[in-house]
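Pasting structure_13.cif here (mmCIF, C-alpha atoms):
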```
data_work
loop_
_atom_site.label_atom_id
_atom_site.label_comp_id
_atom_site.auth_asym_id
_atom_site.auth_seq_id
_atom_site.Cartn_x
_atom_site.Cartn_y
_atom_site.Cartn_z
CA MET A 115 59.86 -40.06 -14.79
CA ALA A 116 59.23 -37.32 -12.29
CA ASN A 117 58.62 -36.75 -8.64
CA THR A 118 55.05 -37.62 -7.69
CA GLN A 119 53.20 -36.51 -4.60
CA ALA A 120 52.24 -39.45 -2.41
CA VAL A 121 52.17 -41.06 0.98
CA ALA A 122 54.82 -43.76 0.78
CA ASN A 123 53.34 -47.23 0.43
CA SER A 124 55.98 -48.62 2.76
CA PHE A 125 54.97 -46.04 5.37
CA LYS A 126 51.41 -47.36 5.41
CA LEU A 127 52.66 -50.85 6.10
CA GLU A 128 55.20 -49.69 8.66
CA LEU A 129 52.48 -47.91 10.61
CA MET A 130 50.94 -51.29 11.31
CA SER A 131 54.26 -52.52 12.63
CA GLY A 132 54.80 -49.55 14.90
CA TYR A 133 57.82 -48.12 13.13
CA HIS A 134 56.75 -44.49 13.25
CA ASN A 135 55.97 -42.42 16.33
CA PHE A 136 54.92 -38.83 15.67
CA SER A 137 53.91 -38.14 19.25
CA SER A 138 55.87 -37.87 22.49
CA THR A 139 52.81 -39.19 24.27
CA ASN A 140 52.34 -42.79 23.33
CA PRO A 141 50.58 -44.62 26.15
CA ALA A 142 50.46 -47.85 24.16
CA ARG A 143 54.22 -48.10 24.38
CA THR A 144 56.58 -48.09 27.33
CA LEU A 145 58.93 -45.74 25.52
CA ASN A 146 57.51 -42.26 25.01
CA THR A 147 60.11 -40.99 22.60
CA VAL A 148 59.02 -39.11 19.53
CA ASP A 149 60.91 -40.00 16.38
CA VAL A 150 63.00 -37.42 14.53
CA PHE A 151 61.65 -36.58 11.09
CA LYS A 152 63.59 -34.76 8.40
CA ALA A 153 62.81 -32.94 5.17
CA ALA A 154 65.05 -33.17 2.11
CA LEU A 155 64.75 -31.41 -1.25
CA TYR A 156 64.93 -33.15 -4.62
CA LEU A 157 65.69 -32.13 -8.16
CA THR A 158 63.07 -32.24 -10.89
CA THR A 159 64.99 -35.19 -12.34
CA GLY A 160 64.04 -37.30 -9.32
CA ASN A 161 61.66 -40.24 -9.29
CA LEU A 162 60.25 -40.03 -5.80
CA GLY A 163 56.69 -41.14 -5.15
CA ALA A 164 54.55 -43.82 -3.55
CA GLY A 165 57.26 -46.40 -4.18
CA THR A 166 59.93 -44.50 -2.26
CA THR A 167 60.86 -46.51 0.81
CA ALA A 168 63.66 -44.42 2.33
CA TYR A 169 65.72 -41.27 2.10
CA THR A 170 68.17 -41.36 -0.77
CA THR A 171 70.96 -39.09 -1.91
CA VAL A 172 70.05 -39.81 -5.53
CA ASP A 173 68.69 -36.62 -7.07
CA GLU A 174 68.88 -34.73 -3.77
CA ILE A 175 69.82 -31.12 -4.44
CA ASN A 176 73.32 -31.38 -2.94
CA ALA A 177 75.38 -30.87 -6.09
CA GLY A 178 76.15 -27.24 -6.73
CA THR A 179 74.28 -26.00 -3.70
CA VAL A 180 75.51 -23.68 -0.99
CA ASN A 181 74.29 -24.01 2.59
CA TYR A 182 72.37 -27.20 1.99
CA THR A 183 73.26 -30.22 4.10
CA ALA A 184 72.67 -33.67 2.68
CA GLY A 185 69.68 -35.18 4.41
CA GLY A 186 67.93 -31.84 4.69
CA ILE A 187 66.63 -30.25 7.86
CA THR A 188 65.11 -31.61 11.03
CA VAL A 189 61.36 -31.15 11.16
CA THR A 190 60.05 -29.34 14.22
CA ASN A 191 57.46 -31.65 15.67
CA ALA A 192 55.88 -30.20 18.80
CA THR A 193 52.29 -31.00 17.94
CA ALA A 194 50.95 -34.51 18.20
CA PRO A 195 48.84 -35.97 15.37
CA LEU A 196 45.20 -34.90 15.38
CA LEU A 197 41.98 -36.56 14.32
CA TYR A 198 39.51 -34.56 12.24
CA THR A 199 36.34 -36.65 12.00
CA ASN A 200 37.54 -39.60 9.92
CA THR A 201 40.99 -38.32 9.02
CA ALA A 202 44.13 -38.74 11.12
CA THR A 203 46.52 -35.91 10.39
CA TRP A 204 49.96 -34.58 11.20
CA THR A 205 51.49 -31.21 10.51
CA PRO A 206 54.94 -30.08 11.66
CA SER A 207 54.82 -27.24 14.15
CA ALA A 208 57.20 -24.96 12.28
CA ASN A 209 57.85 -24.02 8.67
CA PHE A 210 60.66 -25.66 6.73
CA VAL A 211 63.28 -22.96 6.16
CA TRP A 212 66.59 -23.07 4.31
CA ASN A 213 68.47 -19.81 4.84
CA ASN A 214 71.14 -18.25 2.63
CA LEU A 215 70.62 -21.14 0.25
CA THR A 216 71.89 -21.35 -3.29
CA ALA A 217 70.28 -24.16 -5.26
CA PRO A 218 70.92 -23.43 -8.94
CA THR A 219 69.34 -26.59 -10.36
CA ALA A 220 65.54 -26.77 -10.40
CA PHE A 221 63.94 -28.75 -7.59
CA ASP A 222 60.30 -29.64 -7.12
CA ALA A 223 59.86 -32.05 -4.24
CA VAL A 224 60.43 -32.50 -0.53
CA LEU A 225 60.71 -35.91 1.07
CA ILE A 226 59.63 -36.35 4.68
CA TYR A 227 61.37 -39.28 6.31
CA ASN A 228 61.97 -40.81 9.72
CA SER A 229 65.65 -40.48 10.61
CA SER A 230 65.09 -42.37 13.86
CA GLN A 231 63.95 -45.45 11.99
CA GLY A 232 66.42 -46.15 9.24
CA ASN A 233 65.48 -43.05 7.26
CA ARG A 234 62.19 -44.69 6.28
CA ALA A 235 60.11 -42.59 3.91
CA VAL A 236 56.85 -40.97 5.04
CA SER A 237 55.61 -38.82 2.18
CA VAL A 238 56.60 -36.92 -0.93
CA HIS A 239 55.25 -33.41 -1.58
CA THR A 240 55.64 -31.81 -4.97
CA PHE A 241 55.41 -28.23 -6.21
CA GLY A 242 56.35 -26.06 -9.15
CA ALA A 243 60.05 -26.15 -10.00
CA GLN A 244 62.16 -23.59 -8.16
CA THR A 245 65.70 -22.35 -7.86
CA VAL A 246 67.13 -20.23 -5.07
CA THR A 247 70.09 -17.88 -5.22
CA ALA A 248 71.72 -16.64 -2.01
CA GLY A 249 68.24 -16.53 -0.58
CA THR A 250 65.68 -18.22 1.60
CA PHE A 251 63.43 -21.10 0.67
CA THR A 252 60.47 -21.30 3.01
CA LEU A 253 57.88 -24.03 2.89
CA THR A 254 55.07 -22.72 5.05
CA MET A 255 53.18 -25.40 6.92
CA PRO A 256 49.47 -25.62 6.10
CA THR A 257 46.61 -25.12 8.50
CA PRO A 258 45.90 -28.47 10.15
CA GLY A 259 42.66 -30.12 9.14
CA ALA A 260 41.22 -33.04 7.22
CA GLY A 261 42.90 -32.98 3.84
CA THR A 262 44.80 -29.79 4.60
CA SER A 263 47.36 -31.10 7.07
CA LEU A 264 50.72 -32.08 5.66
CA LEU A 265 49.99 -35.78 6.19
CA ASN A 266 46.48 -37.23 6.01
CA LEU A 267 45.29 -40.77 6.64
CA ALA A 268 41.63 -40.98 5.71
CA MET B 98 69.26 1.20 3.60
CA ALA B 99 68.30 -2.46 3.57
CA LYS B 100 71.04 -4.95 2.82
CA ILE B 101 70.37 -7.86 0.49
CA THR B 102 72.37 -11.05 0.66
CA THR B 103 73.70 -11.81 -2.81
CA ILE B 104 76.20 -14.09 -4.46
CA TYR B 105 78.59 -11.11 -4.21
CA GLY B 106 77.98 -10.59 -0.52
CA ASP B 107 75.65 -8.09 1.10
CA MET B 108 74.59 -5.24 -1.19
CA ASP B 109 72.43 -2.18 -0.69
CA GLU B 110 68.94 -2.82 -2.01
CA ALA B 111 69.07 0.55 -3.78
CA GLU B 112 71.92 -0.74 -5.97
CA LEU B 113 69.82 -3.61 -7.29
CA VAL B 114 66.81 -4.11 -9.52
CA LYS B 115 64.03 -5.96 -7.73
CA THR B 116 61.50 -8.26 -9.38
CA THR B 117 58.69 -10.06 -7.60
CA GLY B 118 56.12 -12.59 -8.66
CA PHE B 119 53.76 -15.24 -7.44
CA VAL B 120 52.15 -18.53 -8.38
CA ASP B 121 48.62 -19.24 -7.17
CA ASN B 122 47.09 -22.49 -8.34
CA GLU B 123 45.46 -25.59 -6.86
CA ILE B 124 48.85 -26.95 -5.76
CA GLU B 125 50.56 -24.01 -4.12
CA TYR B 126 50.69 -20.34 -3.31
CA THR B 127 54.22 -19.16 -3.91
CA THR B 128 55.84 -15.78 -3.86
CA TRP B 129 59.34 -15.04 -5.05
CA VAL B 130 61.69 -12.09 -5.13
CA GLU B 131 64.71 -11.65 -7.37
CA TYR B 132 67.46 -9.05 -7.43
CA ARG B 133 69.76 -8.22 -10.33
CA LYS B 134 72.42 -5.63 -10.88
CA PRO B 135 71.18 -2.83 -13.15
CA GLY B 136 71.60 -3.77 -16.81
CA SER B 137 72.39 -7.39 -15.99
CA ASP B 138 70.36 -10.56 -16.41
CA GLU B 139 72.28 -12.33 -13.69
CA ILE B 140 70.18 -13.11 -10.64
CA VAL B 141 72.23 -12.26 -7.58
CA HIS B 142 69.51 -13.13 -5.09
CA ARG B 143 66.34 -15.20 -5.33
CA SER B 144 64.13 -16.19 -2.41
CA VAL B 145 61.00 -18.32 -2.55
CA HIS B 146 58.19 -18.62 0.00
CA MET B 147 55.72 -21.38 -0.63
CA THR B 148 52.54 -22.72 0.94
CA LEU B 149 51.33 -26.05 -0.37
CA LYS B 150 47.58 -26.44 -0.90
CA GLU B 151 47.25 -29.99 -2.15
CA MET B 152 48.34 -32.69 0.27
CA PRO B 153 48.75 -36.39 -0.29
CA VAL B 154 46.00 -38.40 1.35
CA SER B 155 46.29 -42.05 2.13
CA ALA B 156 42.69 -43.06 1.51
CA LYS B 157 41.05 -45.97 3.23
CA ALA B 158 40.89 -49.09 1.16
CA GLU B 159 37.61 -50.53 -0.01
CA ALA B 160 36.90 -53.70 1.91
CA SER B 161 36.48 -56.62 -0.36
CA LYS B 162 33.03 -58.16 -0.30
CA MET B 163 32.87 -61.67 1.01
#
```

What would the structure in this file look like if it were written as structure tokens?
Amino acid sequence: MANTQAVANSFKLELMSGYHNFSSTNPARTLNTVDVFKAALYLTTGNLGAGTTAYTTVDEINAGTVNYTAGGITVTNATAPLLYTNTATWTPSANFVWNNLTAPTAFDAVLIYNSSQGNRAVSVHTFGAQTVTAGTFTLTMPTPGAGTSLLNLA
Amino acid sequence: MAKITTIYGDMDEAELVKTTGFVDNEIEYTTWVEYRKPGSDEIVHRSVHMTLKEMPVSAKAEASKM
């Protein structure tokens, strides 16, 4: 098995039940509180994908790392979701950055999950395997747009 | 002289051998930089900067025909 890029199936269902709020402006609800989303890194031995329902420590890069906190980093979310024609999109408003990181075992995926709602999974993003040694790992956020935003619901 | 954070602490960049590279494909554009001590294969610093190109899309389902 391997990590596979996907929007979590459970996330699609949970959207219909109102579990996830990406925007601080939510006039349909009485509580305008944006959820906290996090980003965690996973080893190439992981099995994350569409079937992932929640954050897990299994195959997270913790072991042997320096300056990596289990659970990953909090995603900066200052920009509400946007609609581009037929595609609803969301992109974090700042890059994901791990500074002075040592991650000696190859990793190739980042899991976005909702830490305000039971660590429910949002999406898995995969890339070529990497290691980092006393350095910085930066995941630059893409330019928002249909199909180019980090999360796309078409 | 620029200081580089390494597994041995901060070192002068001039004391290290620098290697850079990139990956540019349909999935990502990634650049990396590595530093080694002269004559050594040990990587004492490696940083990676990545921009993803291919995003997961949750496509609309086909409505079943009645």

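Residue-level contacts from chain A to chain B at 7 Å, counting all atoms listed in the file, read Gln119, Ala120, Val121, Phe241, Val246, Thr247, Ala248, Gly249, Thr250, Phe251, Thr252, Leu253, Thr254, Met255, Pro256, Gly261, Thr262, Leu264, Leu265, Asn266, Leu267 and Ala268 of chain A.
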
Checklist entry - Quick one: distance from CA of Leu127 (chain A) to CA of Tyr169 (chain A) in Å, one decimal? => result 16.7 Å

Item to check | Polymer residues at most 6 Å from region 181-192 of chain A, all atoms listed in the file, same-chain spacing of 5 or more positions, as a list in words | outcome: Phe151, Lys152, Ala153, Ala154, Pro206, Ser207, Ala208 and Leu215 of chain A

Next on the checklist: Quick one: residues within 10 Å of Ala122 (chain A), only C-alpha atoms, excluding same-chain residues fewer than 4 positions away - as a VMD selection string?
Outcome noted: (chain A and resid 126 to 128 162 to 168 225 to 227 234 to 238) or (chain B and resid 153 155)

Checklist outcome for this item: The distance between CA of Glu112 (chain B) and CA of Asn214 (chain A) is 19.5 Å

Checklist entry - By how many Å are CA of Ala260 (chain A) and CA of Thr158 (chain A) apart? => result 28.4 Å

Next on the checklist: Can you translate the PyMOL selection byres ((chain A and resi 150) around 6) into the concrete residues it hits in this file, as a VMD selection string?
Outcome noted: chain A and resid 149 151 228 to 230

Checklist entry - Written as a ChimeraX atom specification, what is the full residue list that the PyMOL selection byres ((chain A and resi 240) around 8) yields on the file shown? => result /A:117-119,222-224,238-239,241-242

Mind dumping the selected residues with C-alpha atoms as a tab-separated table (two decimals), in the coordinates of the input?
```
chain	number	residue	atom	x	y	z
A	117	ASN	CA	58.62	-36.75	-8.64
A	118	THR	CA	55.05	-37.62	-7.69
A	119	GLN	CA	53.20	-36.51	-4.60
A	222	ASP	CA	60.30	-29.64	-7.12
A	223	ALA	CA	59.86	-32.05	-4.24
A	224	VAL	CA	60.43	-32.50	-0.53
A	238	VAL	CA	56.60	-36.92	-0.93
A	239	HIS	CA	55.25	-33.41	-1.58
A	241	PHE	CA	55.41	-28.23	-6.21
A	242	GLY	CA	56.35	-26.06	-9.15
```

Report, as AutoDock Vina command-line options, the centre and edge lengths in Å (one decimal) of the axis-aligned box enclosing every listed atom of region 129-139 of chain B, padded by 8 Å on each side.
```
--center_x 65.9 --center_y -8.9 --center_z -10.9 --size_x 29.1 --size_y 28.2 --size_z 27.8
```

Coordinates of chain B, C-alpha atoms, as a compact mmCIF listing (two decimals), in the first residue's frame:
```txt
# COMPACT_ATOMS: atom_id res chain seq x y z
CA MET B 98 29.66 34.82 6.02
CA ALA B 99 26.30 33.07 5.98
CA LYS B 100 25.64 30.55 8.71
CA ILE B 101 23.99 27.25 7.89
CA THR B 102 22.08 25.28 10.47
CA THR B 103 23.45 21.74 10.51
CA ILE B 104 23.25 18.64 12.64
CA TYR B 105 26.51 19.90 14.19
CA GLY B 106 25.14 23.34 14.94
CA ASP B 107 25.59 26.49 12.90
CA MET B 108 28.48 26.34 10.43
CA ASP B 109 29.94 28.83 7.98
CA GLU B 110 28.61 28.16 4.49
CA ALA B 111 32.17 28.46 3.17
CA GLU B 112 33.15 25.36 5.18
CA LEU B 113 30.54 23.22 3.45
CA VAL B 114 29.90 21.77 0.02
CA LYS B 115 26.54 22.87 -1.36
CA THR B 116 24.38 20.85 -3.74
CA THR B 117 21.06 21.97 -5.16
CA GLY B 118 18.43 20.32 -7.28
CA PHE B 119 14.83 20.44 -8.33
CA VAL B 120 11.91 18.28 -9.38
CA ASP B 121 9.44 19.66 -11.91
CA ASN B 122 6.68 17.32 -12.98
CA GLU B 123 2.88 17.25 -13.17
CA ILE B 124 2.63 16.71 -9.41
CA GLU B 125 5.00 19.23 -7.92
CA TYR B 126 7.72 21.81 -8.34
CA THR B 127 10.31 21.17 -5.67
CA THR B 128 13.69 22.65 -4.97
CA TRP B 129 16.16 21.30 -2.46
CA VAL B 130 19.52 22.28 -1.07
CA GLU B 131 22.01 20.02 0.68
CA TYR B 132 25.23 20.75 2.52
CA ARG B 133 28.02 18.31 3.29
CA LYS B 134 31.41 18.64 4.87
CA PRO B 135 34.19 18.52 2.25
CA GLY B 136 35.12 14.93 1.45
CA SER B 137 32.13 13.52 3.29
CA ASP B 138 28.92 11.94 2.04
CA GLU B 139 27.06 12.83 5.20
CA ILE B 140 24.32 15.37 4.66
CA VAL B 141 24.52 17.90 7.48
CA HIS B 142 21.70 20.08 6.19
CA ARG B 143 18.86 19.47 3.74
CA SER B 144 15.97 21.83 3.09
CA VAL B 145 13.06 21.27 0.73
CA HIS B 146 10.65 23.81 -0.74
CA MET B 147 7.69 22.37 -2.57
CA THR B 148 4.69 23.64 -4.51
CA LEU B 149 2.05 21.08 -5.34
CA LYS B 150 0.50 21.25 -8.80
CA GLU B 151 -2.01 18.42 -8.76
CA MET B 152 -4.82 18.75 -6.25
CA PRO B 153 -7.45 16.25 -5.25
CA VAL B 154 -10.86 17.14 -6.63
CA SER B 155 -14.06 15.78 -5.24
CA ALA B 156 -16.03 15.52 -8.46
CA LYS B 157 -19.78 15.76 -8.61
CA ALA B 158 -21.51 12.44 -8.83
CA GLU B 159 -23.48 11.44 -11.89
CA ALA B 160 -27.16 11.50 -11.06
CA SER B 161 -28.76 8.18 -11.64
CA LYS B 162 -31.39 8.17 -14.35
CA MET B 163 -34.88 7.42 -13.20
```
